[in-house]
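Enquirer: Let me begin by handing over the structure; questions about it come next.
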Amino acid sequence: MEYLRSENISYARMFVPLWVAVYVIMFVDVYIDWASVSFFYLGFSYVYSANDAVLAYCIIAAFSFILPISIKRYSDFFCWMLYLTIFIPSILVVARQGYTSFDASWLIVSVAASFFLVLYIPKVLHFKSYSLIRQVSVTTFFFFFLAFYLAAIAFYIATYRGMMSFSGMDEIYDQRAKFGSAQASTLALYLTGWLSNAMNPYLLAIGLFDRTRRWAIAIGLAGQIVVFMAFAGKMMLVILLVTFGFYFFVLRKGEISTSRLAFGFAALTSSAFAILVATDYKPVGAALDAVALIYMRTLGIQGAMTGVYADVFSRSPLTYWSHVNIINMIVDYPYKAPLGYVVGSSLVGGTGFNANANFWATDGVAAYGMAGVVMMGAVLGVLLSFANKVVTPDRLPFAATVSIPFIMSLGNSSLFTSLITGGGLIMVMMIAYGVPQPHASRKQGVAYRDHAMPSRLS
């Protein structure tokens with residue numbers, strides 16, 4: 001595994017494109033031979049276009065070399081995760097959906113231009129460091145956080161205790177329907193995102209990085225299971241696997257290995273491919289659940305919805321960002337139902353299917369078409385410039401581990417929704433003031449002994 005060592009830049013630069021290529025090949029094979037056959041009605045249609053396919057491959061390959069091989073800033077890590085979880089699936093799927101209502105090449109180029117802005121703006125836009133709250137120790141912050149967390153969990157259980165159950169994969173949507181029909185308070189609905197995307201992952205990271213607080217892992221796991229028992233979100237289980245996988249495999253001696261990160265996604269798609277080959281592309285039972293969770297829910301749907309939204313809003317009124325709560329006070333929202341249900345109705349009929357989508361689809365395509373896609377790249381790039389000042393180099397490994405659920409949520413929701421409802425702003429506060437001191441380092445793992453972790457922003 002010498003070539004996977006993060007400090008060996010020459011090996012990493014050579015093998016990162018290789019793992020990206022494996023990821024792309026496996027993704028495309030599964031898409032053509034299984035997803036487009038079994039889930040064509042969800043936007044996984046397949047119409048071959050040589051020009052669009054070659055354009056997609058070239059753009060993906062170009063970014064595999066443009067992206068920084070050595071991650072020193074939070075924005076670099078964020079861009080790598082965005083590239084692997086949302087950008088590659090979107091580019092690959094849009095090139096194969098065959099929609100005639102819009103130009104797929106232009107959408108591919110728009111997403112690529114937007115991603116370039118996300119990557120480039122933090123490199124040239126810098127803000128002065130400052131402290132919002134001075135003299136806040138990590139111990140004090142963690143005490144008040146834990147008190148709020150326990151109260152939040154108790155309130156959440158009290159709200160949903162009558163309908164909570166550990167649903168199997170075939171019962172997910174029934175449980176989700178119960179959750180949607182429950183008469184819950186606004187706070188309880190907000191807590192679903194705050195707990196699953198920010199607070200539970202924060203506790204997991206605390207336990208992983210601070211050996212004196214290993215008990216926090218158990219609390220974080222229990223909290224995530226509680227939210228899953230109410231909401232039944234598959235991604236809540238995926239978040240646990242990805243978080244632990246990232247910590248134990250991708251983090252090496254306090255650094256984020258890009259080659260290991262790319263290898264992890266290549267391994268994900270390869271495992272889905274292996275299961276399909278073993279079942280002759282007709283998985284059932286546990287095999288079907290595994291492929292659906294690994295491929296469809298974690299990666300494929302992110303790409304499919306980009307094209308679906310472009311198709312729907314090429315012939316429907318744009319929102320001009322009125323789907324965002326604050327903006328709809330100024331701009332009238334043109335639909336009676338939330339954005340996901342509008343697209344879901346157009347896609348499969350009826351009114352009960354919520355076709356959530358990534359921020360390029362919701363805040364870009366649905367809001368302002370192709371130009372909106374590019375504009376959202378600029379917005380995210382500026383936000384990452386601010387984030388680079390909060391996440392100082394010594395905070396980077398911890399911040400990366402905590403923020404994985406937030407980045408993954410961008411594949412399934414609006415950027416503005418992820419920041420507020422999805423717990424993004426809470427996550428920023430926890431990273432700014434709640435990074436643990438390096439009491440002890442994990443054997444043969446993340447060597448935090450080389451970093452002095454300050455208790456507040458400098």
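Lettering and numbering for the structure tokens are positional, with chains as A, B, ... in the shown order, residues counted from 1 in each chain, and ligands counted from 1 in the shown order.
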If we count only C-alpha atoms, what is near A:Ala104 at a cut-off of 10 Å, once residues fewer than 2 positions away on the same chain are taken out, given as a ChimeraX atom specification?
Expert: /A:49,51-52,91,93-102,106-110,307,310-311
Enquirer: Using only C-alpha atoms, which residues sit within 9 Å of stretch 410-419 of chain A once same-chain residues fewer than 6 positions away are excluded, as a PyMOL selection string?
Expert: chain A and resi 82+85-86+193+197+298-299+301-303+324-325+355-363+376+380+425-427
Enquirer: Could you dump the residues just selected with C-alpha atoms as a PDB file, in the first residue's frame?
Expert:
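Below is the file that was written, result_3.pdb:
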```pdb
ATOM      1  CA  LEU A  82     -18.013  17.251  -3.890  1.00  0.00           C
ATOM      2  CA  THR A  85     -20.060  12.296  -4.442  1.00  0.00           C
ATOM      3  CA  ILE A  86     -22.006  14.715  -6.667  1.00  0.00           C
ATOM      4  CA  GLY A 193     -31.406  17.311  10.273  1.00  0.00           C
ATOM      5  CA  ASN A 197     -26.063  15.649   9.938  1.00  0.00           C
ATOM      6  CA  THR A 298     -25.318   7.115  -2.131  1.00  0.00           C
ATOM      7  CA  LEU A 299     -24.198   7.997  -5.664  1.00  0.00           C
ATOM      8  CA  ILE A 301     -29.612   9.398  -7.522  1.00  0.00           C
ATOM      9  CA  GLN A 302     -27.444  12.513  -7.133  1.00  0.00           C
ATOM     10  CA  GLY A 303     -26.594  12.375 -10.814  1.00  0.00           C
ATOM     11  CA  VAL A 324     -35.763  29.365  -0.096  1.00  0.00           C
ATOM     12  CA  ASN A 325     -37.804  30.528   2.913  1.00  0.00           C
ATOM     13  CA  ALA A 355     -37.730  13.902  -5.642  1.00  0.00           C
ATOM     14  CA  ASN A 356     -35.070  15.635  -3.582  1.00  0.00           C
ATOM     15  CA  ALA A 357     -31.983  16.698  -5.504  1.00  0.00           C
ATOM     16  CA  ASN A 358     -28.525  18.202  -5.126  1.00  0.00           C
ATOM     17  CA  PHE A 359     -27.874  21.933  -4.803  1.00  0.00           C
ATOM     18  CA  TRP A 360     -26.906  22.275  -8.486  1.00  0.00           C
ATOM     19  CA  ALA A 361     -30.377  21.006  -9.406  1.00  0.00           C
ATOM     20  CA  THR A 362     -32.441  22.804  -6.743  1.00  0.00           C
ATOM     21  CA  ASP A 363     -30.586  26.106  -6.284  1.00  0.00           C
ATOM     22  CA  MET A 376     -24.253  28.622  -7.213  1.00  0.00           C
ATOM     23  CA  LEU A 380     -20.372  28.092  -2.558  1.00  0.00           C
ATOM     24  CA  LEU A 425     -24.385  26.399  10.630  1.00  0.00           C
ATOM     25  CA  ILE A 426     -24.392  24.334  13.827  1.00  0.00           C
ATOM     26  CA  MET A 427     -21.554  22.265  12.399  1.00  0.00           C
TER      27      MET A 427
END
```
Enquirer: Find the nearest atom pair between each residue of stretch 208-296 of chain A and stretch 183-192 of chain A for residues within 12 Å, count only C-alpha atoms, give distances in Å to one decimal, sort rows by chain and ascending number, and present the table as CSV.
Expert:
```
residue,atom,partner,partner_atom,distance
A:Gly223,CA,A:Thr192,CA,10.5
A:Gln224,CA,A:Thr192,CA,9.6
A:Ile225,CA,A:Thr192,CA,11.5
A:Val226,CA,A:Thr192,CA,9.8
A:Val227,CA,A:Thr192,CA,6.4
A:Phe228,CA,A:Thr192,CA,9.0
A:Met229,CA,A:Thr192,CA,11.0
A:Ala230,CA,A:Thr192,CA,8.8
A:Phe231,CA,A:Thr192,CA,7.6
A:Ala232,CA,A:Thr192,CA,10.6
A:Gly233,CA,A:Thr192,CA,10.0
A:Met236,CA,A:Thr192,CA,10.3
```
Enquirer: Set out as a Markdown table a contact list for stretch 8-84 of chain A and stretch 254-263 of chain A with a cut-off of 10 Å, giving each residue of stretch 8-84 of chain A that qualifies its closest atom pair and distance in Å to one decimal, counting only C-alpha atoms, ordered by chain and rising residue number.
Expert:
```
| residue | atom | partner | partner_atom | distance |
| --- | --- | --- | --- | --- |
| A:Asn8 | CA | A:Ser257 | CA | 9.6 |
| A:Ile9 | CA | A:Ser259 | CA | 9.5 |
| A:Tyr11 | CA | A:Ser259 | CA | 8.6 |
| A:Ala12 | CA | A:Ser259 | CA | 5.4 |
| A:Arg13 | CA | A:Ser259 | CA | 7.9 |
| A:Met14 | CA | A:Ser259 | CA | 9.0 |
| A:Phe15 | CA | A:Ser259 | CA | 6.4 |
| A:Val16 | CA | A:Ser259 | CA | 4.9 |
| A:Pro17 | CA | A:Ala262 | CA | 8.4 |
| A:Leu18 | CA | A:Phe263 | CA | 8.8 |
| A:Trp19 | CA | A:Phe263 | CA | 5.3 |
| A:Val20 | CA | A:Ala262 | CA | 6.1 |
| A:Ala21 | CA | A:Ala262 | CA | 9.6 |
| A:Val22 | CA | A:Phe263 | CA | 8.6 |
| A:Tyr23 | CA | A:Ala262 | CA | 8.0 |
| A:Ser64 | CA | A:Ala262 | CA | 9.7 |
| A:Leu67 | CA | A:Thr258 | CA | 9.7 |
| A:Pro68 | CA | A:Thr258 | CA | 8.7 |
| A:Ile69 | CA | A:Thr258 | CA | 6.2 |
| A:Ser70 | CA | A:Thr258 | CA | 7.1 |
| A:Ile71 | CA | A:Ile256 | CA | 6.4 |
| A:Lys72 | CA | A:Glu255 | CA | 8.4 |
| A:Phe77 | CA | A:Ile256 | CA | 8.0 |
| A:Trp80 | CA | A:Thr258 | CA | 7.9 |
| A:Met81 | CA | A:Leu261 | CA | 8.5 |
| A:Tyr83 | CA | A:Ala262 | CA | 10.0 |
| A:Leu84 | CA | A:Ala262 | CA | 7.5 |
```
Enquirer: Please produce an output containing N, CA and C atoms for each residue in the selection, written as a JSON list (two decimals), in the first residue's frame.
Expert:
```
[["chain", "number", "residue", "atom", "x", "y", "z"],
["A", 8, "ASN", "N", 3.47, 10.72, -0.07],
["A", 8, "ASN", "CA", 4.18, 10.42, -1.30],
["A", 8, "ASN", "C", 3.40, 11.03, -2.46],
["A", 9, "ILE", "N", 3.71, 12.30, -2.79],
["A", 9, "ILE", "CA", 2.92, 13.06, -3.75],
["A", 9, "ILE", "C", 2.99, 12.47, -5.15],
["A", 11, "TYR", "N", 3.46, 9.35, -6.11],
["A", 11, "TYR", "CA", 2.62, 8.16, -6.23],
["A", 11, "TYR", "C", 1.14, 8.54, -6.21],
["A", 12, "ALA", "N", 0.80, 9.47, -5.34],
["A", 12, "ALA", "CA", -0.61, 9.88, -5.24],
["A", 12, "ALA", "C", -1.08, 10.51, -6.54],
["A", 13, "ARG", "N", -0.26, 11.38, -7.14],
["A", 13, "ARG", "CA", -0.64, 12.02, -8.40],
["A", 13, "ARG", "C", -0.84, 11.00, -9.50],
["A", 14, "MET", "N", -0.12, 9.88, -9.45],
["A", 14, "MET", "CA", -0.26, 8.85, -10.46],
["A", 14, "MET", "C", -1.49, 7.97, -10.22],
["A", 15, "PHE", "N", -1.74, 7.65, -8.96],
["A", 15, "PHE", "CA", -2.79, 6.68, -8.67],
["A", 15, "PHE", "C", -4.17, 7.31, -8.47],
["A", 16, "VAL", "N", -4.24, 8.58, -8.14],
["A", 16, "VAL", "CA", -5.55, 9.21, -8.01],
["A", 16, "VAL", "C", -6.35, 9.12, -9.31],
["A", 17, "PRO", "N", -5.78, 9.53, -10.46],
["A", 17, "PRO", "CA", -6.54, 9.37, -11.72],
["A", 17, "PRO", "C", -6.90, 7.91, -12.02],
["A", 18, "LEU", "N", -6.03, 6.98, -11.58],
["A", 18, "LEU", "CA", -6.33, 5.56, -11.80],
["A", 18, "LEU", "C", -7.58, 5.15, -11.03],
["A", 19, "TRP", "N", -7.64, 5.53, -9.74],
["A", 19, "TRP", "CA", -8.81, 5.16, -8.95],
["A", 19, "TRP", "C", -10.06, 5.88, -9.43],
["A", 20, "VAL", "N", -9.91, 7.11, -9.89],
["A", 20, "VAL", "CA", -11.05, 7.82, -10.47],
["A", 20, "VAL", "C", -11.54, 7.10, -11.72],
["A", 21, "ALA", "N", -10.61, 6.61, -12.53],
["A", 21, "ALA", "CA", -10.99, 5.87, -13.74],
["A", 21, "ALA", "C", -11.74, 4.59, -13.39],
["A", 22, "VAL", "N", -11.27, 3.88, -12.36],
["A", 22, "VAL", "CA", -11.97, 2.65, -11.92],
["A", 22, "VAL", "C", -13.36, 3.02, -11.44],
["A", 23, "TYR", "N", -13.45, 4.07, -10.66],
["A", 23, "TYR", "CA", -14.75, 4.56, -10.16],
["A", 23, "TYR", "C", -15.69, 4.84, -11.32],
["A", 64, "SER", "N", -9.46, 15.56, -12.24],
["A", 64, "SER", "CA", -8.66, 14.64, -11.43],
["A", 64, "SER", "C", -7.21, 15.09, -11.34],
["A", 67, "LEU", "N", -7.46, 19.14, -9.32],
["A", 67, "LEU", "CA", -7.68, 19.14, -7.88],
["A", 67, "LEU", "C", -6.35, 18.95, -7.13],
["A", 68, "PRO", "N", -6.16, 19.66, -6.01],
["A", 68, "PRO", "CA", -4.89, 19.57, -5.27],
["A", 68, "PRO", "C", -4.66, 18.17, -4.72],
["A", 69, "ILE", "N", -3.50, 17.64, -4.95],
["A", 69, "ILE", "CA", -3.20, 16.28, -4.50],
["A", 69, "ILE", "C", -2.90, 16.24, -3.01],
["A", 70, "SER", "N", -2.42, 17.36, -2.47],
["A", 70, "SER", "CA", -2.13, 17.48, -1.05],
["A", 70, "SER", "C", -3.15, 18.43, -0.43],
["A", 71, "ILE", "N", -3.95, 17.94, 0.48],
["A", 71, "ILE", "CA", -5.03, 18.74, 1.07],
["A", 71, "ILE", "C", -4.51, 19.49, 2.29],
["A", 72, "LYS", "N", -4.44, 20.80, 2.17],
["A", 72, "LYS", "CA", -3.95, 21.66, 3.25],
["A", 72, "LYS", "C", -5.02, 22.60, 3.78],
["A", 77, "PHE", "N", -10.46, 19.83, 0.74],
["A", 77, "PHE", "CA", -11.17, 18.61, 1.12],
["A", 77, "PHE", "C", -12.61, 18.63, 0.63],
["A", 80, "TRP", "N", -12.85, 17.89, -3.05],
["A", 80, "TRP", "CA", -12.65, 16.47, -3.36],
["A", 80, "TRP", "C", -13.92, 15.66, -3.07],
["A", 81, "MET", "N", -14.56, 15.91, -1.94],
["A", 81, "MET", "CA", -15.78, 15.19, -1.60],
["A", 81, "MET", "C", -16.89, 15.54, -2.58],
["A", 83, "TYR", "N", -16.53, 16.52, -5.64],
["A", 83, "TYR", "CA", -16.14, 15.91, -6.92],
["A", 83, "TYR", "C", -16.55, 14.44, -6.97],
["A", 84, "LEU", "N", -16.30, 13.72, -5.89],
["A", 84, "LEU", "CA", -16.55, 12.27, -5.88],
["A", 84, "LEU", "C", -18.00, 11.91, -5.63]]
```
Enquirer: Write out as JSON, numbers by chain each polymer residue whose atoms come within 12 Å of A:Val342, counting only C-alpha atoms; drop sequence neighbours fewer than 2 positions from it.
Expert: {"A": [308, 309, 312, 313, 316, 317, 318, 319, 323, 333, 334, 335, 336, 337, 338, 339, 340, 344, 345, 346, 347, 348, 349, 350, 351, 352, 353, 354, 355, 356, 357, 362, 366]}
Enquirer: Since we have the selection now, will you write its residues out, keeping N, CA, C and O atoms, as a short mmCIF file (atom, residue, chain, number, x, y, z; two decimals), in the first residue's frame?
Expert:
```
data_model
loop_
_atom_site.label_atom_id
_atom_site.label_comp_id
_atom_site.auth_asym_id
_atom_site.auth_seq_id
_atom_site.Cartn_x
_atom_site.Cartn_y
_atom_site.Cartn_z
N VAL A 308 -33.01 15.23 -14.38
CA VAL A 308 -34.46 15.26 -14.23
C VAL A 308 -34.94 16.69 -13.97
O VAL A 308 -35.92 17.16 -14.57
N TYR A 309 -34.26 17.41 -13.10
CA TYR A 309 -34.63 18.80 -12.81
C TYR A 309 -34.47 19.67 -14.05
O TYR A 309 -35.29 20.56 -14.31
N VAL A 312 -37.51 18.96 -16.22
CA VAL A 312 -38.76 19.50 -15.69
C VAL A 312 -38.80 21.02 -15.82
O VAL A 312 -39.79 21.60 -16.28
N PHE A 313 -37.70 21.69 -15.45
CA PHE A 313 -37.73 23.15 -15.42
C PHE A 313 -37.34 23.79 -16.75
O PHE A 313 -37.30 25.02 -16.84
N SER A 316 -41.15 24.29 -17.26
CA SER A 316 -41.95 24.75 -16.13
C SER A 316 -41.35 26.06 -15.61
O SER A 316 -40.17 26.34 -15.83
N PRO A 317 -42.14 26.85 -14.90
CA PRO A 317 -41.63 28.14 -14.38
C PRO A 317 -40.44 27.95 -13.44
O PRO A 317 -40.43 27.02 -12.61
N LEU A 318 -39.45 28.82 -13.56
CA LEU A 318 -38.31 28.81 -12.65
C LEU A 318 -38.72 29.43 -11.32
O LEU A 318 -39.68 30.21 -11.24
N THR A 319 -37.98 29.12 -10.28
CA THR A 319 -38.35 29.61 -8.94
C THR A 319 -37.68 30.93 -8.58
O THR A 319 -38.14 31.64 -7.70
N HIS A 323 -37.88 29.16 -3.61
CA HIS A 323 -38.05 27.95 -2.81
C HIS A 323 -37.30 28.06 -1.48
O HIS A 323 -37.46 27.21 -0.60
N TYR A 333 -43.35 32.25 -4.82
CA TYR A 333 -43.06 30.87 -5.21
C TYR A 333 -44.16 30.40 -6.17
O TYR A 333 -45.35 30.48 -5.84
N PRO A 334 -43.81 29.89 -7.36
CA PRO A 334 -44.82 29.60 -8.38
C PRO A 334 -45.57 28.28 -8.22
O PRO A 334 -46.43 27.98 -9.06
N TYR A 335 -45.31 27.52 -7.16
CA TYR A 335 -45.94 26.21 -7.03
C TYR A 335 -46.62 26.10 -5.67
O TYR A 335 -46.29 26.80 -4.72
N LYS A 336 -47.58 25.17 -5.58
CA LYS A 336 -48.29 24.95 -4.33
C LYS A 336 -47.59 23.93 -3.45
O LYS A 336 -47.82 23.91 -2.23
N ALA A 337 -46.78 23.09 -4.05
CA ALA A 337 -46.08 22.05 -3.31
C ALA A 337 -44.59 22.36 -3.23
O ALA A 337 -44.08 23.13 -4.04
N PRO A 338 -43.87 21.78 -2.26
CA PRO A 338 -42.42 21.96 -2.21
C PRO A 338 -41.75 21.46 -3.50
O PRO A 338 -42.31 20.63 -4.23
N LEU A 339 -40.56 21.94 -3.74
CA LEU A 339 -39.88 21.68 -5.01
C LEU A 339 -39.74 20.19 -5.31
O LEU A 339 -39.98 19.75 -6.44
N GLY A 340 -39.36 19.39 -4.32
CA GLY A 340 -39.18 17.96 -4.55
C GLY A 340 -40.45 17.26 -4.99
O GLY A 340 -40.43 16.38 -5.85
N GLY A 344 -41.28 15.32 -8.35
CA GLY A 344 -41.75 13.94 -8.18
C GLY A 344 -43.06 13.68 -8.89
O GLY A 344 -43.25 12.62 -9.50
N SER A 345 -43.96 14.64 -8.86
CA SER A 345 -45.23 14.51 -9.57
C SER A 345 -45.01 14.43 -11.07
O SER A 345 -45.67 13.65 -11.77
N SER A 346 -44.10 15.24 -11.58
CA SER A 346 -43.81 15.21 -13.01
C SER A 346 -43.11 13.93 -13.42
O SER A 346 -43.30 13.43 -14.53
N LEU A 347 -42.34 13.37 -12.49
CA LEU A 347 -41.53 12.19 -12.82
C LEU A 347 -42.34 10.90 -12.77
O LEU A 347 -42.29 10.09 -13.71
N VAL A 348 -43.09 10.68 -11.69
CA VAL A 348 -43.79 9.40 -11.52
C VAL A 348 -45.30 9.57 -11.36
O VAL A 348 -46.03 8.58 -11.23
N GLY A 349 -45.80 10.82 -11.36
CA GLY A 349 -47.23 11.04 -11.17
C GLY A 349 -47.60 11.05 -9.70
O GLY A 349 -46.81 10.69 -8.82
N GLY A 350 -48.81 11.46 -9.41
CA GLY A 350 -49.27 11.51 -8.03
C GLY A 350 -48.68 12.69 -7.28
O GLY A 350 -48.06 13.58 -7.85
N THR A 351 -48.87 12.67 -5.96
CA THR A 351 -48.40 13.79 -5.14
C THR A 351 -47.54 13.34 -3.96
O THR A 351 -47.18 14.16 -3.12
N GLY A 352 -47.22 12.06 -3.89
CA GLY A 352 -46.54 11.55 -2.69
C GLY A 352 -45.06 11.30 -2.83
O GLY A 352 -44.41 10.92 -1.85
N PHE A 353 -44.50 11.52 -4.02
CA PHE A 353 -43.07 11.22 -4.22
C PHE A 353 -42.26 12.50 -4.13
O PHE A 353 -42.48 13.44 -4.90
N ASN A 354 -41.33 12.53 -3.20
CA ASN A 354 -40.47 13.70 -3.00
C ASN A 354 -39.14 13.47 -3.70
O ASN A 354 -38.28 12.75 -3.20
N ALA A 355 -38.95 14.08 -4.86
CA ALA A 355 -37.73 13.90 -5.64
C ALA A 355 -36.70 14.95 -5.22
O ALA A 355 -36.43 15.92 -5.92
N ASN A 356 -36.12 14.73 -4.04
CA ASN A 356 -35.07 15.63 -3.58
C ASN A 356 -33.89 15.58 -4.53
O ASN A 356 -33.65 14.56 -5.19
N ALA A 357 -33.11 16.66 -4.57
CA ALA A 357 -31.98 16.70 -5.50
C ALA A 357 -30.86 17.55 -4.93
O ALA A 357 -31.03 18.26 -3.93
N THR A 362 -31.42 22.01 -7.43
CA THR A 362 -32.44 22.80 -6.74
C THR A 362 -32.15 24.30 -6.79
O THR A 362 -32.98 25.10 -7.21
N ALA A 366 -33.34 24.67 -11.11
CA ALA A 366 -34.72 25.04 -10.81
C ALA A 366 -34.88 26.54 -10.58
O ALA A 366 -35.93 27.10 -10.86
#
```
Enquirer: Return as a ChimeraX atom specification the full set of residues in stretch 167-385 of chain A whose backbone-based DSSP assignment is helix (DSSP H, G or I).
Expert: /A:169-181,186-209,211-213,215-231,234-250,258-278,286-312,327-329,339-348,359-385
Enquirer: Quick one: everything within 6 Å of stretch 113-120 of chain A, counting only C-alpha atoms, minus sequence neighbours fewer than 2 positions away in the same chain. Send it as number ranges by chain.
Expert: A: 110-111, 122-123, 374, 377-378, 380-381
Enquirer: Could those selected residues go to a file with N, CA and C atoms, as an mmCIF file, in the first residue's frame?
Expert:
```cif
data_model
loop_
_atom_site.group_PDB
_atom_site.id
_atom_site.type_symbol
_atom_site.label_atom_id
_atom_site.label_comp_id
_atom_site.auth_asym_id
_atom_site.auth_seq_id
_atom_site.Cartn_x
_atom_site.Cartn_y
_atom_site.Cartn_z
ATOM 1 N N SER A 110 -21.940 23.640 -17.765
ATOM 2 C CA SER A 110 -22.365 24.536 -16.691
ATOM 3 C C SER A 110 -21.970 23.980 -15.321
ATOM 4 N N VAL A 111 -22.191 22.702 -15.118
ATOM 5 C CA VAL A 111 -21.803 22.081 -13.850
ATOM 6 C C VAL A 111 -20.279 22.127 -13.685
ATOM 7 N N PRO A 122 -11.852 30.017 -3.475
ATOM 8 C CA PRO A 122 -11.128 30.008 -2.191
ATOM 9 C C PRO A 122 -9.620 30.175 -2.333
ATOM 10 N N LYS A 123 -9.085 29.930 -3.518
ATOM 11 C CA LYS A 123 -7.648 30.109 -3.723
ATOM 12 C C LYS A 123 -7.267 31.581 -3.847
ATOM 13 N N VAL A 374 -24.100 27.916 -12.580
ATOM 14 C CA VAL A 374 -22.804 28.592 -12.488
ATOM 15 C C VAL A 374 -22.788 29.549 -11.289
ATOM 16 N N GLY A 377 -22.036 27.973 -7.987
ATOM 17 C CA GLY A 377 -20.624 27.694 -7.784
ATOM 18 C C GLY A 377 -19.914 28.868 -7.147
ATOM 19 N N ALA A 378 -20.250 30.080 -7.596
ATOM 20 C CA ALA A 378 -19.649 31.286 -7.020
ATOM 21 C C ALA A 378 -20.073 31.454 -5.562
ATOM 22 N N LEU A 380 -21.029 29.101 -3.386
ATOM 23 C CA LEU A 380 -20.372 28.092 -2.558
ATOM 24 C C LEU A 380 -18.886 28.385 -2.418
ATOM 25 N N GLY A 381 -18.265 28.889 -3.483
ATOM 26 C CA GLY A 381 -16.855 29.239 -3.412
ATOM 27 C C GLY A 381 -16.577 30.306 -2.368
#
```
Enquirer: Just how far from atom CA of A:Val24 is atom CA of A:Gly424, in Å to one decimal?
Expert: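 Distance between the two atoms: 29.2 Å.
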Enquirer: Need to verify the contact set: A:Met429, 12 Å, only C-alpha atoms, exclusion of same-chain residues closer than 2 positions in sequence. Can you return it as a PDB file with C-alpha atoms, in the first residue's frame?
Expert:
```
ATOM      1  CA  SER A 131     -12.786  35.481  16.811  1.00  0.00           C
ATOM      2  CA  LEU A 132     -16.520  35.757  17.336  1.00  0.00           C
ATOM      3  CA  ILE A 133     -16.374  34.642  20.946  1.00  0.00           C
ATOM      4  CA  VAL A 136     -14.429  29.920  25.261  1.00  0.00           C
ATOM      5  CA  VAL A 138     -13.335  23.417  24.621  1.00  0.00           C
ATOM      6  CA  PHE A 141     -18.318  24.412  24.967  1.00  0.00           C
ATOM      7  CA  PHE A 142     -18.625  20.625  25.158  1.00  0.00           C
ATOM      8  CA  PHE A 145     -23.312  21.203  23.854  1.00  0.00           C
ATOM      9  CA  ALA A 198     -24.237  17.614  12.627  1.00  0.00           C
ATOM     10  CA  MET A 199     -24.663  16.720  16.295  1.00  0.00           C
ATOM     11  CA  TYR A 202     -19.765  15.593  16.067  1.00  0.00           C
ATOM     12  CA  ALA A 387     -14.774  28.275   6.038  1.00  0.00           C
ATOM     13  CA  VAL A 390     -12.684  28.844  10.650  1.00  0.00           C
ATOM     14  CA  VAL A 391     -10.971  25.549   9.840  1.00  0.00           C
ATOM     15  CA  ALA A 399     -13.454  19.259  10.661  1.00  0.00           C
ATOM     16  CA  VAL A 402     -17.493  16.068  11.190  1.00  0.00           C
ATOM     17  CA  SER A 403     -18.543  17.685   7.902  1.00  0.00           C
ATOM     18  CA  LEU A 419     -27.013  25.179   6.035  1.00  0.00           C
ATOM     19  CA  GLY A 423     -27.317  21.640  10.518  1.00  0.00           C
ATOM     20  CA  GLY A 424     -24.544  23.260   8.487  1.00  0.00           C
ATOM     21  CA  LEU A 425     -24.385  26.399  10.630  1.00  0.00           C
ATOM     22  CA  ILE A 426     -24.392  24.334  13.827  1.00  0.00           C
ATOM     23  CA  MET A 427     -21.554  22.265  12.399  1.00  0.00           C
ATOM     24  CA  ILE A 431     -15.745  23.087  14.503  1.00  0.00           C
ATOM     25  CA  ALA A 432     -14.875  26.639  15.583  1.00  0.00           C
ATOM     26  CA  TYR A 433     -15.146  26.050  19.338  1.00  0.00           C
ATOM     27  CA  GLY A 434     -15.466  22.322  20.001  1.00  0.00           C
ATOM     28  CA  VAL A 435     -12.316  20.700  18.603  1.00  0.00           C
ATOM     29  CA  ARG A 456     -10.650  29.063  20.151  1.00  0.00           C
ATOM     30  CA  LEU A 457     -10.107  30.912  16.899  1.00  0.00           C
TER      31      LEU A 457
END
```
Enquirer: What does the distance from atom CA of A:Gly300 to atom CA of A:Ala287 come to in Å, to one decimal?
Expert: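 Atom CA of A:Ala287 lies 16.9 Å from atom CA of A:Gly300.
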Enquirer: Leaving out A:Met26 and any residue of its chain fewer than 4 positions from it, which residues lie within 9 Å of it when counting only C-alpha atoms, given as a PDB file with C-alpha atoms, in the first residue's frame?
Expert:
```pdb
ATOM      1  CA  ALA A  21     -10.989   5.872 -13.742  1.00  0.00           C
ATOM      2  CA  VAL A  22     -11.967   2.655 -11.923  1.00  0.00           C
ATOM      3  CA  VAL A  30     -23.718  -0.539 -13.275  1.00  0.00           C
ATOM      4  CA  TYR A  31     -25.730   2.345 -14.727  1.00  0.00           C
ATOM      5  CA  ALA A 266     -13.666   3.100  -6.496  1.00  0.00           C
ATOM      6  CA  THR A 269     -18.752   1.143  -7.022  1.00  0.00           C
ATOM      7  CA  SER A 270     -16.675  -2.015  -7.492  1.00  0.00           C
ATOM      8  CA  ALA A 272     -21.855  -2.860  -6.226  1.00  0.00           C
ATOM      9  CA  PHE A 273     -20.556  -4.210  -9.534  1.00  0.00           C
TER      10      PHE A 273
END
```
Enquirer: Please, what distance in Å, to one decimal, runs between atom CA of A:Leu396 and atom CA of A:Tyr74?
Expert: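 One can read the atom CA of A:Leu396 to atom CA of A:Tyr74 distance as 6.2 Å.
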